[in-house]
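K.L.:
The file below is start23.pdb, PDB, C-alpha atoms:
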ATOM      1  CA  MET I 750      88.467 144.340  62.373
ATOM      2  CA  LYS I 751      90.522 141.339  63.466
ATOM      3  CA  LYS I 752      91.044 142.873  66.929
ATOM      4  CA  LEU I 753      87.314 143.439  67.304
ATOM      5  CA  LEU I 754      86.568 139.850  66.316
ATOM      6  CA  VAL I 755      89.134 138.463  68.809
ATOM      7  CA  ALA I 756      87.768 140.729  71.567
ATOM      8  CA  GLY I 757      84.224 139.565  70.780
ATOM      9  CA  ILE I 758      85.198 135.890  70.917
ATOM     10  CA  ALA I 759      87.075 136.441  74.205
ATOM     11  CA  ALA I 760      84.045 138.215  75.718
ATOM     12  CA  LEU I 761      81.748 135.430  74.540
ATOM     13  CA  CYS I 762      84.044 132.823  76.116
ATOM     14  CA  MET I 763      84.076 134.720  79.403
ATOM     15  CA  VAL I 764      80.293 135.020  79.469
ATOM     16  CA  SER I 765      79.715 131.369  78.584
ATOM     17  CA  THR I 766      82.274 130.246  81.182
ATOM     18  CA  SER I 767      80.679 132.339  83.917
ATOM     19  CA  VAL I 768      77.201 131.086  82.953
ATOM     20  CA  PHE I 769      78.478 127.499  83.022
ATOM     21  CA  ALA I 770      80.226 128.058  86.351
ATOM     22  CA  ALA I 771      77.024 129.463  87.870
ATOM     23  CA  ASP I 772      75.235 126.192  87.092
ATOM     24  CA  VAL I 773      77.967 123.953  88.510
ATOM     25  CA  LYS I 774      77.549 122.817  92.091
ATOM     26  CA  LEU I 775      80.507 120.957  93.592
ATOM     27  CA  GLY I 776      81.006 119.098  96.830
ATOM     28  CA  TYR I 777      83.274 116.513  98.350
ATOM     29  CA  ILE I 778      83.162 113.692 100.850
ATOM     30  CA  ASP I 779      85.996 112.743 103.187
ATOM     31  CA  MET I 780      85.423 109.019 102.770
ATOM     32  CA  GLN I 781      87.849 107.977 105.510
ATOM     33  CA  ARG I 782      86.089 110.228 108.011
ATOM     34  CA  ALA I 783      82.722 108.945 106.788
ATOM     35  CA  LEU I 784      83.788 105.303 107.170
ATOM     36  CA  ASN I 785      85.170 105.858 110.657
ATOM     37  CA  GLY I 786      82.245 108.016 111.760
ATOM     38  CA  SER I 787      79.439 105.823 110.474
ATOM     39  CA  GLU I 788      77.635 103.485 112.834
ATOM     40  CA  ALA I 789      78.342 100.636 110.427
ATOM     41  CA  GLY I 790      82.043 101.521 110.471
ATOM     42  CA  LYS I 791      82.135 101.583 114.260
ATOM     43  CA  GLU I 792      80.372  98.200 114.434
ATOM     44  CA  ALA I 793      82.794  96.747 111.886
ATOM     45  CA  LYS I 794      85.744  98.020 113.951
ATOM     46  CA  GLU I 795      84.306  96.385 117.064
ATOM     47  CA  GLN I 796      83.806  93.079 115.257
ATOM     48  CA  LEU I 797      87.328  93.178 113.858
ATOM     49  CA  ALA I 798      88.774  94.093 117.261
ATOM     50  CA  ALA I 799      87.003  91.083 118.818
ATOM     51  CA  ARG I 800      88.444  88.797 116.122
ATOM     52  CA  VAL I 801      91.910  90.300 116.572
ATOM     53  CA  LYS I 802      91.717  89.674 120.334
ATOM     54  CA  LYS I 803      90.591  86.072 119.774
ATOM     55  CA  TYR I 804      93.452  85.425 117.372
ATOM     56  CA  GLN I 805      95.957  87.237 119.566
ATOM     57  CA  ASP I 806      94.988  85.077 122.546
ATOM     58  CA  GLU I 807      95.496  81.936 120.445
ATOM     59  CA  ILE I 808      98.800  83.246 119.113
ATOM     60  CA  ASN I 809     100.017  83.984 122.643
ATOM     61  CA  ILE I 810      99.186  80.433 123.756
ATOM     62  CA  LYS I 811     100.905  78.918 120.726
ATOM     63  CA  GLN I 812     103.954  81.138 121.228
ATOM     64  CA  GLU I 813     104.215  80.087 124.853
ATOM     65  CA  ASP I 814     103.988  76.402 123.854
ATOM     66  CA  LEU I 815     106.704  76.907 121.258
ATOM     67  CA  LYS I 816     108.907  78.670 123.795
ATOM     68  CA  LYS I 817     108.490  75.827 126.291
ATOM     69  CA  LEU I 818     109.280  73.240 123.640
ATOM     70  CA  LYS I 819     112.385  75.159 122.546
ATOM     71  CA  ASP I 820     113.558  75.558 126.162
ATOM     72  CA  GLU I 821     113.042  71.835 126.746
ATOM     73  CA  LEU I 822     114.973  71.021 123.623
ATOM     74  CA  GLU I 823     117.875  73.263 124.662
ATOM     75  CA  LYS I 824     117.990  71.954 128.252
ATOM     76  CA  GLN I 825     117.547  68.284 127.442
ATOM     77  CA  GLY I 826     119.281  68.272 124.087
ATOM     78  CA  MET I 827     122.596  66.961 125.402
ATOM     79  CA  LEU I 828     120.964  64.350 127.608
ATOM     80  CA  LEU I 829     118.722  62.862 124.921
ATOM     81  CA  SER I 830     119.703  60.178 122.498
ATOM     82  CA  GLU I 831     120.255  61.203 118.890
ATOM     83  CA  SER I 832     116.894  59.807 117.760
ATOM     84  CA  ALA I 833     114.985  61.341 120.709
ATOM     85  CA  ARG I 834     116.597  64.724 120.091
ATOM     86  CA  ALA I 835     115.829  64.495 116.358
ATOM     87  CA  SER I 836     112.236  63.588 117.178
ATOM     88  CA  LYS I 837     111.846  66.591 119.510
ATOM     89  CA  GLU I 838     113.519  68.861 116.950
ATOM     90  CA  LYS I 839     111.131  67.626 114.250
ATOM     91  CA  ASP I 840     108.166  68.125 116.590
ATOM     92  CA  TYR I 841     109.347  71.685 117.290
ATOM     93  CA  GLN I 842     109.788  72.458 113.568
ATOM     94  CA  ASN I 843     106.295  71.090 112.779
ATOM     95  CA  LYS I 844     104.719  73.191 115.532
ATOM     96  CA  LEU I 845     106.647  76.234 114.343
ATOM     97  CA  LYS I 846     105.328  75.732 110.788
ATOM     98  CA  ASP I 847     101.791  75.286 112.138
ATOM     99  CA  PHE I 848     102.193  78.488 114.148
ATOM    100  CA  GLN I 849     103.435  80.425 111.117
ATOM    101  CA  ARG I 850     100.592  79.050 108.982
ATOM    102  CA  PHE I 851      98.074  79.942 111.685
ATOM    103  CA  THR I 852      99.307  83.542 111.981
ATOM    104  CA  LYS I 853      99.319  83.972 108.184
ATOM    105  CA  ASP I 854      95.784  82.527 107.908
ATOM    106  CA  ALA I 855      94.586  84.759 110.748
ATOM    107  CA  GLN I 856      96.105  87.810 109.095
ATOM    108  CA  ASP I 857      94.538  86.922 105.733
ATOM    109  CA  GLU I 858      91.146  86.297 107.315
ATOM    110  CA  LEU I 859      91.213  89.614 109.205
ATOM    111  CA  GLN I 860      92.249  91.514 106.098
ATOM    112  CA  GLY I 861      89.501  89.822 104.081
ATOM    113  CA  LYS I 862      86.871  90.687 106.699
ATOM    114  CA  ASP I 863      88.091  94.283 106.833
ATOM    115  CA  GLU I 864      87.817  94.563 103.044
ATOM    116  CA  GLU I 865      84.361  92.938 103.084
ATOM    117  CA  PHE I 866      83.047  95.315 105.762
ATOM    118  CA  THR I 867      84.549  98.329 103.991
ATOM    119  CA  ARG I 868      83.116  97.315 100.606
ATOM    120  CA  LYS I 869      79.602  96.911 102.043
ATOM    121  CA  ILE I 870      79.739 100.273 103.799
ATOM    122  CA  LEU I 871      81.099 102.031 100.700
ATOM    123  CA  GLU I 872      78.351 100.538  98.511
ATOM    124  CA  GLY I 873      75.693 101.861 100.867
ATOM    125  CA  MET I 874      77.466 105.200 101.198
ATOM    126  CA  GLU I 875      77.691 105.548  97.406
ATOM    127  CA  LYS I 876      73.929 105.123  97.039
ATOM    128  CA  VAL I 877      73.273 107.761  99.688
ATOM    129  CA  ILE I 878      75.747 110.170  98.048
ATOM    130  CA  GLN I 879      74.162 109.731  94.617
ATOM    131  CA  GLU I 880      70.676 110.298  96.012
ATOM    132  CA  TYR I 881      71.861 113.331  97.993
ATOM    133  CA  GLY I 882      73.595 114.763  94.915
ATOM    134  CA  ARG I 883      70.469 114.391  92.754
ATOM    135  CA  LYS I 884      68.113 115.855  95.352
ATOM    136  CA  ASN I 885      70.359 118.833  96.053
ATOM    137  CA  GLY I 886      71.325 119.658  92.471
ATOM    138  CA  PHE I 887      75.016 118.805  92.603
ATOM    139  CA  THR I 888      76.933 118.541  89.345
ATOM    140  CA  PHE I 889      79.879 116.729  90.947
ATOM    141  CA  ILE I 890      80.609 115.186  94.325
ATOM    142  CA  PHE I 891      84.232 114.143  94.713
ATOM    143  CA  VAL I 892      86.040 111.904  97.158
ATOM    144  CA  LYS I 893      88.600 113.953  99.067
ATOM    145  CA  ASN I 894      92.139 112.739  98.417
ATOM    146  CA  GLU I 895      95.733 113.937  98.500
ATOM    147  CA  SER I 896      95.627 115.205  94.903
ATOM    148  CA  MET I 897      93.125 117.904  95.878
ATOM    149  CA  LEU I 898      95.414 120.880  96.523
ATOM    150  CA  PHE I 899      92.701 123.170  97.867
ATOM    151  CA  VAL I 900      89.178 122.455  98.996
ATOM    152  CA  ASP I 901      86.904 124.990 100.645
ATOM    153  CA  ASP I 902      85.405 123.557 103.839
ATOM    154  CA  LYS I 903      82.008 124.900 102.746
ATOM    155  CA  SER I 904      82.010 122.196 100.050
ATOM    156  CA  ASP I 905      82.438 119.402 102.609
ATOM    157  CA  LEU I 906      79.306 117.236 102.535
ATOM    158  CA  THR I 907      80.669 114.500 104.797
ATOM    159  CA  GLU I 908      78.574 115.243 107.894
ATOM    160  CA  GLU I 909      75.324 115.657 105.951
ATOM    161  CA  VAL I 910      75.857 112.428 104.031
ATOM    162  CA  LEU I 911      76.920 110.617 107.203
ATOM    163  CA  LYS I 912      73.697 111.627 108.946
ATOM    164  CA  LEU I 913      71.655 110.386 105.981
ATOM    165  CA  PHE I 914      73.631 107.146 105.786
ATOM    166  CA  ASN I 915      73.155 106.393 109.484
ATOM    167  CA  ALA I 916      69.442 107.312 109.291
ATOM    168  CA  ASN I 917      68.890 105.075 106.226
ATOM    169  CA  ARG I 918      70.611 102.204 107.987
ATOM    170  CA  LYS I 919      68.143 102.363 110.881
ATOM    171  CA  LYS I 920      65.166 102.010 108.533
TER     172      LYS I 920
END
Take the structure from the file and write it as structure tokens.
P.N.:
Amino acid sequence: MKKLLVAGIAALCMVSTSVFAADVKLGYIDMQRALNGSEAGKEAKEQLAARVKKYQDEINIKQEDLKKLKDELEKQGMLLSESARASKEKDYQNKLKDFQRFTKDAQDELQGKDEEFTRKILEGMEKVIQEYGRKNGFTFIFVKNESMLFVDDKSDLTEEVLKLFNANRKK
């Protein structure tokens, strides 16, 4: 009797699991690919690249000025009076600090802009994914990451969502 009861419960569990599994629809998005492939992502990259070039040009000029000042200081150091040499050394140190501050500020500003662009794109992408999931009867849509040991390529919704995201952006 006990064996029959256990067998019945096991069969019931198998049936309910297979019924539940039949109703579950899963998909995933490769968010990195979506970010890089979206029109908004490409525009953000272009804007960031332009800012990087602008800052790099300024950094190159400042570096060249610092190099000239250092060379002057090394060449003329012995010929200058103590106070003149100290003045040039102080000038060099101040310009070096300004340069370091400038590069740090530039780096912080670029990182902030990158995060801002990414956040805006992800917010828009999330809305499109939720709408897509509802319309197409998905139970779960995951973000692909390194903890996913196996994912069937048939579950990849990235291209479909990317098309919708780009189309919605044009509206």
K.L.:
I'd like the neighbourhood of Glu880 (chain I) as a list in words, where a residue qualifies if any of its atoms comes within 12 Å (using all atoms listed in the file), though same-chain residues fewer than 3 positions away should be ignored.
P.N.:
Gly873, Met874, Glu875, Lys876, Val877, Arg883, Lys884, Asn885, Gly886, Phe887, Ile890, Val910, Leu913, Phe914 and Asn917 of chain I
K.L.:
Hey, can I get the axis-aligned box for region 860-870 of chain I? All listed atoms, 3 Å padding on each side, centre and edge lengths in Å to one decimal, as JSON.
P.N.:
{"center_x": 85.9, "center_y": 95.0, "center_z": 103.7, "size_x": 18.6, "size_y": 16.5, "size_z": 12.2}
K.L.:
Out of I:Glu864, I:Glu831, I:Gln879, I:Leu859, which residue has the shortest atom-to-atom distance to Ala799 (chain I) when counting all atoms listed in the file?
P.N.:
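For Ala799 (chain I), the nearest of the given residues is I:Leu859.
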K.L.:
Mind pulling up the distance from CA of Leu797 (chain I) to CA of Asn894 (chain I)?
P.N.:
25.4 Å
K.L.:
To verify the selection step, state as a PyMOL selection string which residues the PyMOL selection byres ((chain I and resi 865-872) around 12) yields on this input.
P.N.:
chain I and resi 778+780-781+783-797+858-864+873-879+892+911+914-915+918
K.L.:
What does the file look like for those residues with C-alpha atoms, as a PDB file, keeping the file's coordinate frame?
P.N.:
ATOM      1  CA  ILE I 778      83.162 113.692 100.850  1.00  0.00           C
ATOM      2  CA  MET I 780      85.423 109.019 102.770  1.00  0.00           C
ATOM      3  CA  GLN I 781      87.849 107.977 105.510  1.00  0.00           C
ATOM      4  CA  ALA I 783      82.722 108.945 106.788  1.00  0.00           C
ATOM      5  CA  LEU I 784      83.788 105.303 107.170  1.00  0.00           C
ATOM      6  CA  ASN I 785      85.170 105.858 110.657  1.00  0.00           C
ATOM      7  CA  GLY I 786      82.245 108.016 111.760  1.00  0.00           C
ATOM      8  CA  SER I 787      79.439 105.823 110.474  1.00  0.00           C
ATOM      9  CA  GLU I 788      77.635 103.485 112.834  1.00  0.00           C
ATOM     10  CA  ALA I 789      78.342 100.636 110.427  1.00  0.00           C
ATOM     11  CA  GLY I 790      82.043 101.521 110.471  1.00  0.00           C
ATOM     12  CA  LYS I 791      82.135 101.583 114.260  1.00  0.00           C
ATOM     13  CA  GLU I 792      80.372  98.200 114.434  1.00  0.00           C
ATOM     14  CA  ALA I 793      82.794  96.747 111.886  1.00  0.00           C
ATOM     15  CA  LYS I 794      85.744  98.020 113.951  1.00  0.00           C
ATOM     16  CA  GLU I 795      84.306  96.385 117.064  1.00  0.00           C
ATOM     17  CA  GLN I 796      83.806  93.079 115.257  1.00  0.00           C
ATOM     18  CA  LEU I 797      87.328  93.178 113.858  1.00  0.00           C
ATOM     19  CA  GLU I 858      91.146  86.297 107.315  1.00  0.00           C
ATOM     20  CA  LEU I 859      91.213  89.614 109.205  1.00  0.00           C
ATOM     21  CA  GLN I 860      92.249  91.514 106.098  1.00  0.00           C
ATOM     22  CA  GLY I 861      89.501  89.822 104.081  1.00  0.00           C
ATOM     23  CA  LYS I 862      86.871  90.687 106.699  1.00  0.00           C
ATOM     24  CA  ASP I 863      88.091  94.283 106.833  1.00  0.00           C
ATOM     25  CA  GLU I 864      87.817  94.563 103.044  1.00  0.00           C
ATOM     26  CA  GLY I 873      75.693 101.861 100.867  1.00  0.00           C
ATOM     27  CA  MET I 874      77.466 105.200 101.198  1.00  0.00           C
ATOM     28  CA  GLU I 875      77.691 105.548  97.406  1.00  0.00           C
ATOM     29  CA  LYS I 876      73.929 105.123  97.039  1.00  0.00           C
ATOM     30  CA  VAL I 877      73.273 107.761  99.688  1.00  0.00           C
ATOM     31  CA  ILE I 878      75.747 110.170  98.048  1.00  0.00           C
ATOM     32  CA  GLN I 879      74.162 109.731  94.617  1.00  0.00           C
ATOM     33  CA  VAL I 892      86.040 111.904  97.158  1.00  0.00           C
ATOM     34  CA  LEU I 911      76.920 110.617 107.203  1.00  0.00           C
ATOM     35  CA  PHE I 914      73.631 107.146 105.786  1.00  0.00           C
ATOM     36  CA  ASN I 915      73.155 106.393 109.484  1.00  0.00           C
ATOM     37  CA  ARG I 918      70.611 102.204 107.987  1.00  0.00           C
TER      38      ARG I 918
END
K.L.:
Determine the residue set returned by the PyMOL selection byres ((chain I and resi 810-815) around 10) for the present structure, and present it as a PyMOL selection string.
P.N.:
chain I and resi 804-809+816-821+841-842+844-845+847-848+851
K.L.:
Go ahead and write the residues just picked, C-alpha atoms, as a CSV table (one decimal), keeping the file's coordinate frame.
P.N.:
chain,number,residue,atom,x,y,z
I,804,TYR,CA,93.5,85.4,117.4
I,805,GLN,CA,96.0,87.2,119.6
I,806,ASP,CA,95.0,85.1,122.5
I,807,GLU,CA,95.5,81.9,120.4
I,808,ILE,CA,98.8,83.2,119.1
I,809,ASN,CA,100.0,84.0,122.6
I,816,LYS,CA,108.9,78.7,123.8
I,817,LYS,CA,108.5,75.8,126.3
I,818,LEU,CA,109.3,73.2,123.6
I,819,LYS,CA,112.4,75.2,122.5
I,820,ASP,CA,113.6,75.6,126.2
I,821,GLU,CA,113.0,71.8,126.7
I,841,TYR,CA,109.3,71.7,117.3
I,842,GLN,CA,109.8,72.5,113.6
I,844,LYS,CA,104.7,73.2,115.5
I,845,LEU,CA,106.6,76.2,114.3
I,847,ASP,CA,101.8,75.3,112.1
I,848,PHE,CA,102.2,78.5,114.1
I,851,PHE,CA,98.1,79.9,111.7
K.L.:
Rounded to one decimal, what separation in Å do you get between CA of Ala916 (chain I) and CA of Val773 (chain I)?
P.N.:
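It comes out at 28.0 Å.
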K.L.:
Determine, counting all atoms listed in the file, which protein, DNA and RNA residues have an atom within 10 Å of an atom of Asp902 (chain I); residues of the same chain fewer than 3 positions away are not included. Present the result as a ChimeraX atom specification.
P.N.:
/I:776-777,899,905-906
K.L.:
Restricting the calculation to all atoms listed in the file, which member of I:Ala798, I:Phe891, I:Gln825, I:Asp779 is positioned closest to Glu909 (chain I)?
P.N.:
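Nearest to Glu909 (chain I): I:Asp779.
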K.L.:
Grab the CA of Asp840 (chain I) to CA of Lys824 (chain I) distance for me, in Å with one decimal place.
P.N.:
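Taking CA of Asp840 (chain I) and CA of Lys824 (chain I), their separation equals 15.7 Å.
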K.L.:
Identify, on the basis of all atoms listed in the file, every residue whose closest approach to Thr888 (chain I) does not exceed 8 Å; exclude the query and any residue fewer than 5 positions from it along the same chain; express the result as a PyMOL selection string.
P.N.:
chain I and resi 773-775+882
K.L.:
Please export region 851-894 of chain I as a PDB file, in the first residue's frame, restricted to N, CA and C atoms.
P.N.:
ATOM      1  N   PHE I 851      43.539  67.725 -14.421  1.00  0.00           N
ATOM      2  CA  PHE I 851      42.820  67.760 -15.689  1.00  0.00           C
ATOM      3  C   PHE I 851      42.565  66.344 -16.205  1.00  0.00           C
ATOM      4  N   THR I 852      43.582  65.488 -16.191  1.00  0.00           N
ATOM      5  CA  THR I 852      43.399  64.127 -16.708  1.00  0.00           C
ATOM      6  C   THR I 852      42.419  63.342 -15.838  1.00  0.00           C
ATOM      7  N   LYS I 853      42.479  63.525 -14.537  1.00  0.00           N
ATOM      8  CA  LYS I 853      41.539  62.846 -13.626  1.00  0.00           C
ATOM      9  C   LYS I 853      40.114  63.333 -13.882  1.00  0.00           C
ATOM     10  N   ASP I 854      39.932  64.657 -14.010  1.00  0.00           N
ATOM     11  CA  ASP I 854      38.607  65.217 -14.284  1.00  0.00           C
ATOM     12  C   ASP I 854      38.067  64.724 -15.625  1.00  0.00           C
ATOM     13  N   ALA I 855      38.935  64.670 -16.623  1.00  0.00           N
ATOM     14  CA  ALA I 855      38.526  64.196 -17.949  1.00  0.00           C
ATOM     15  C   ALA I 855      38.079  62.743 -17.875  1.00  0.00           C
ATOM     16  N   GLN I 856      38.860  61.938 -17.168  1.00  0.00           N
ATOM     17  CA  GLN I 856      38.526  60.526 -17.007  1.00  0.00           C
ATOM     18  C   GLN I 856      37.183  60.365 -16.288  1.00  0.00           C
ATOM     19  N   ASP I 857      36.996  61.122 -15.217  1.00  0.00           N
ATOM     20  CA  ASP I 857      35.738  61.054 -14.458  1.00  0.00           C
ATOM     21  C   ASP I 857      34.553  61.491 -15.313  1.00  0.00           C
ATOM     22  N   GLU I 858      34.746  62.547 -16.089  1.00  0.00           N
ATOM     23  CA  GLU I 858      33.664  63.057 -16.925  1.00  0.00           C
ATOM     24  C   GLU I 858      33.293  62.039 -18.013  1.00  0.00           C
ATOM     25  N   LEU I 859      34.300  61.421 -18.626  1.00  0.00           N
ATOM     26  CA  LEU I 859      34.038  60.421 -19.661  1.00  0.00           C
ATOM     27  C   LEU I 859      33.340  59.192 -19.076  1.00  0.00           C
ATOM     28  N   GLN I 860      33.769  58.771 -17.920  1.00  0.00           N
ATOM     29  CA  GLN I 860      33.133  57.625 -17.272  1.00  0.00           C
ATOM     30  C   GLN I 860      31.688  57.952 -16.905  1.00  0.00           C
ATOM     31  N   GLY I 861      31.461  59.152 -16.399  1.00  0.00           N
ATOM     32  CA  GLY I 861      30.100  59.574 -16.054  1.00  0.00           C
ATOM     33  C   GLY I 861      29.197  59.614 -17.271  1.00  0.00           C
ATOM     34  N   LYS I 862      29.701  60.151 -18.378  1.00  0.00           N
ATOM     35  CA  LYS I 862      28.916  60.208 -19.619  1.00  0.00           C
ATOM     36  C   LYS I 862      28.611  58.808 -20.127  1.00  0.00           C
ATOM     37  N   ASP I 863      29.603  57.921 -20.061  1.00  0.00           N
ATOM     38  CA  ASP I 863      29.407  56.545 -20.504  1.00  0.00           C
ATOM     39  C   ASP I 863      28.305  55.886 -19.675  1.00  0.00           C
ATOM     40  N   GLU I 864      28.353  56.066 -18.366  1.00  0.00           N
ATOM     41  CA  GLU I 864      27.330  55.493 -17.489  1.00  0.00           C
ATOM     42  C   GLU I 864      25.958  56.103 -17.765  1.00  0.00           C
ATOM     43  N   GLU I 865      25.920  57.406 -18.025  1.00  0.00           N
ATOM     44  CA  GLU I 865      24.646  58.080 -18.322  1.00  0.00           C
ATOM     45  C   GLU I 865      24.036  57.545 -19.614  1.00  0.00           C
ATOM     46  N   PHE I 866      24.853  57.451 -20.668  1.00  0.00           N
ATOM     47  CA  PHE I 866      24.363  56.923 -21.945  1.00  0.00           C
ATOM     48  C   PHE I 866      23.870  55.483 -21.778  1.00  0.00           C
ATOM     49  N   THR I 867      24.651  54.672 -21.095  1.00  0.00           N
ATOM     50  CA  THR I 867      24.299  53.267 -20.896  1.00  0.00           C
ATOM     51  C   THR I 867      23.000  53.141 -20.116  1.00  0.00           C
ATOM     52  N   ARG I 868      22.853  53.919 -19.061  1.00  0.00           N
ATOM     53  CA  ARG I 868      21.637  53.862 -18.232  1.00  0.00           C
ATOM     54  C   ARG I 868      20.400  54.212 -19.061  1.00  0.00           C
ATOM     55  N   LYS I 869      20.500  55.267 -19.876  1.00  0.00           N
ATOM     56  CA  LYS I 869      19.351  55.667 -20.701  1.00  0.00           C
ATOM     57  C   LYS I 869      18.976  54.578 -21.703  1.00  0.00           C
ATOM     58  N   ILE I 870      19.975  53.990 -22.325  1.00  0.00           N
ATOM     59  CA  ILE I 870      19.714  52.935 -23.310  1.00  0.00           C
ATOM     60  C   ILE I 870      19.095  51.722 -22.626  1.00  0.00           C
ATOM     61  N   LEU I 871      19.643  51.338 -21.468  1.00  0.00           N
ATOM     62  CA  LEU I 871      19.119  50.172 -20.751  1.00  0.00           C
ATOM     63  C   LEU I 871      17.681  50.388 -20.290  1.00  0.00           C
ATOM     64  N   GLU I 872      17.348  51.607 -19.864  1.00  0.00           N
ATOM     65  CA  GLU I 872      15.970  51.897 -19.456  1.00  0.00           C
ATOM     66  C   GLU I 872      15.017  51.708 -20.622  1.00  0.00           C
ATOM     67  N   GLY I 873      15.395  52.226 -21.777  1.00  0.00           N
ATOM     68  CA  GLY I 873      14.557  52.057 -22.969  1.00  0.00           C
ATOM     69  C   GLY I 873      14.480  50.607 -23.400  1.00  0.00           C
ATOM     70  N   MET I 874      15.603  49.914 -23.327  1.00  0.00           N
ATOM     71  CA  MET I 874      15.663  48.504 -23.714  1.00  0.00           C
ATOM     72  C   MET I 874      14.780  47.667 -22.788  1.00  0.00           C
ATOM     73  N   GLU I 875      14.807  47.977 -21.495  1.00  0.00           N
ATOM     74  CA  GLU I 875      14.006  47.233 -20.523  1.00  0.00           C
ATOM     75  C   GLU I 875      12.515  47.345 -20.840  1.00  0.00           C
ATOM     76  N   LYS I 876      12.069  48.527 -21.197  1.00  0.00           N
ATOM     77  CA  LYS I 876      10.656  48.715 -21.548  1.00  0.00           C
ATOM     78  C   LYS I 876      10.281  47.877 -22.770  1.00  0.00           C
ATOM     79  N   VAL I 877      11.146  47.878 -23.760  1.00  0.00           N
ATOM     80  CA  VAL I 877      10.882  47.105 -24.978  1.00  0.00           C
ATOM     81  C   VAL I 877      10.850  45.609 -24.658  1.00  0.00           C
ATOM     82  N   ILE I 878      11.771  45.157 -23.811  1.00  0.00           N
ATOM     83  CA  ILE I 878      11.825  43.732 -23.446  1.00  0.00           C
ATOM     84  C   ILE I 878      10.568  43.329 -22.690  1.00  0.00           C
ATOM     85  N   GLN I 879      10.125  44.164 -21.764  1.00  0.00           N
ATOM     86  CA  GLN I 879       8.910  43.835 -21.003  1.00  0.00           C
ATOM     87  C   GLN I 879       7.691  43.757 -21.928  1.00  0.00           C
ATOM     88  N   GLU I 880       7.579  44.721 -22.820  1.00  0.00           N
ATOM     89  CA  GLU I 880       6.459  44.727 -23.763  1.00  0.00           C
ATOM     90  C   GLU I 880       6.520  43.502 -24.673  1.00  0.00           C
ATOM     91  N   TYR I 881       7.696  43.188 -25.171  1.00  0.00           N
ATOM     92  CA  TYR I 881       7.892  42.024 -26.036  1.00  0.00           C
ATOM     93  C   TYR I 881       7.517  40.740 -25.292  1.00  0.00           C
ATOM     94  N   GLY I 882       7.978  40.636 -24.036  1.00  0.00           N
ATOM     95  CA  GLY I 882       7.685  39.448 -23.233  1.00  0.00           C
ATOM     96  C   GLY I 882       6.196  39.251 -23.020  1.00  0.00           C
ATOM     97  N   ARG I 883       5.487  40.346 -22.714  1.00  0.00           N
ATOM     98  CA  ARG I 883       4.028  40.266 -22.502  1.00  0.00           C
ATOM     99  C   ARG I 883       3.312  39.857 -23.787  1.00  0.00           C
ATOM    100  N   LYS I 884       3.650  40.521 -24.872  1.00  0.00           N
ATOM    101  CA  LYS I 884       2.966  40.257 -26.150  1.00  0.00           C
ATOM    102  C   LYS I 884       3.195  38.842 -26.652  1.00  0.00           C
ATOM    103  N   ASN I 885       4.366  38.286 -26.358  1.00  0.00           N
ATOM    104  CA  ASN I 885       4.719  36.975 -26.896  1.00  0.00           C
ATOM    105  C   ASN I 885       4.616  35.839 -25.881  1.00  0.00           C
ATOM    106  N   GLY I 886       4.006  36.126 -24.735  1.00  0.00           N
ATOM    107  CA  GLY I 886       3.717  35.081 -23.758  1.00  0.00           C
ATOM    108  C   GLY I 886       4.914  34.478 -23.050  1.00  0.00           C
ATOM    109  N   PHE I 887       5.949  35.257 -22.828  1.00  0.00           N
ATOM    110  CA  PHE I 887       7.116  34.743 -22.114  1.00  0.00           C
ATOM    111  C   PHE I 887       6.874  34.763 -20.610  1.00  0.00           C
ATOM    112  N   THR I 888       7.345  33.707 -19.948  1.00  0.00           N
ATOM    113  CA  THR I 888       7.278  33.631 -18.496  1.00  0.00           C
ATOM    114  C   THR I 888       8.482  34.349 -17.900  1.00  0.00           C
ATOM    115  N   PHE I 889       9.651  34.124 -18.505  1.00  0.00           N
ATOM    116  CA  PHE I 889      10.895  34.751 -18.063  1.00  0.00           C
ATOM    117  C   PHE I 889      11.723  35.161 -19.265  1.00  0.00           C
ATOM    118  N   ILE I 890      12.355  36.324 -19.159  1.00  0.00           N
ATOM    119  CA  ILE I 890      13.392  36.728 -20.108  1.00  0.00           C
ATOM    120  C   ILE I 890      14.583  37.135 -19.253  1.00  0.00           C
ATOM    121  N   PHE I 891      15.685  36.436 -19.444  1.00  0.00           N
ATOM    122  CA  PHE I 891      16.886  36.646 -18.645  1.00  0.00           C
ATOM    123  C   PHE I 891      17.906  37.487 -19.400  1.00  0.00           C
ATOM    124  N   VAL I 892      18.831  38.048 -18.644  1.00  0.00           N
ATOM    125  CA  VAL I 892      19.993  38.710 -19.228  1.00  0.00           C
ATOM    126  C   VAL I 892      21.102  37.675 -19.255  1.00  0.00           C
ATOM    127  N   LYS I 893      21.680  37.450 -20.424  1.00  0.00           N
ATOM    128  CA  LYS I 893      22.750  36.466 -20.554  1.00  0.00           C
ATOM    129  C   LYS I 893      23.948  36.943 -19.730  1.00  0.00           C
ATOM    130  N   ASN I 894      24.509  36.012 -18.950  1.00  0.00           N
ATOM    131  CA  ASN I 894      25.712  36.327 -18.180  1.00  0.00           C
ATOM    132  C   ASN I 894      26.562  35.074 -18.016  1.00  0.00           C
TER     133      ASN I 894
END
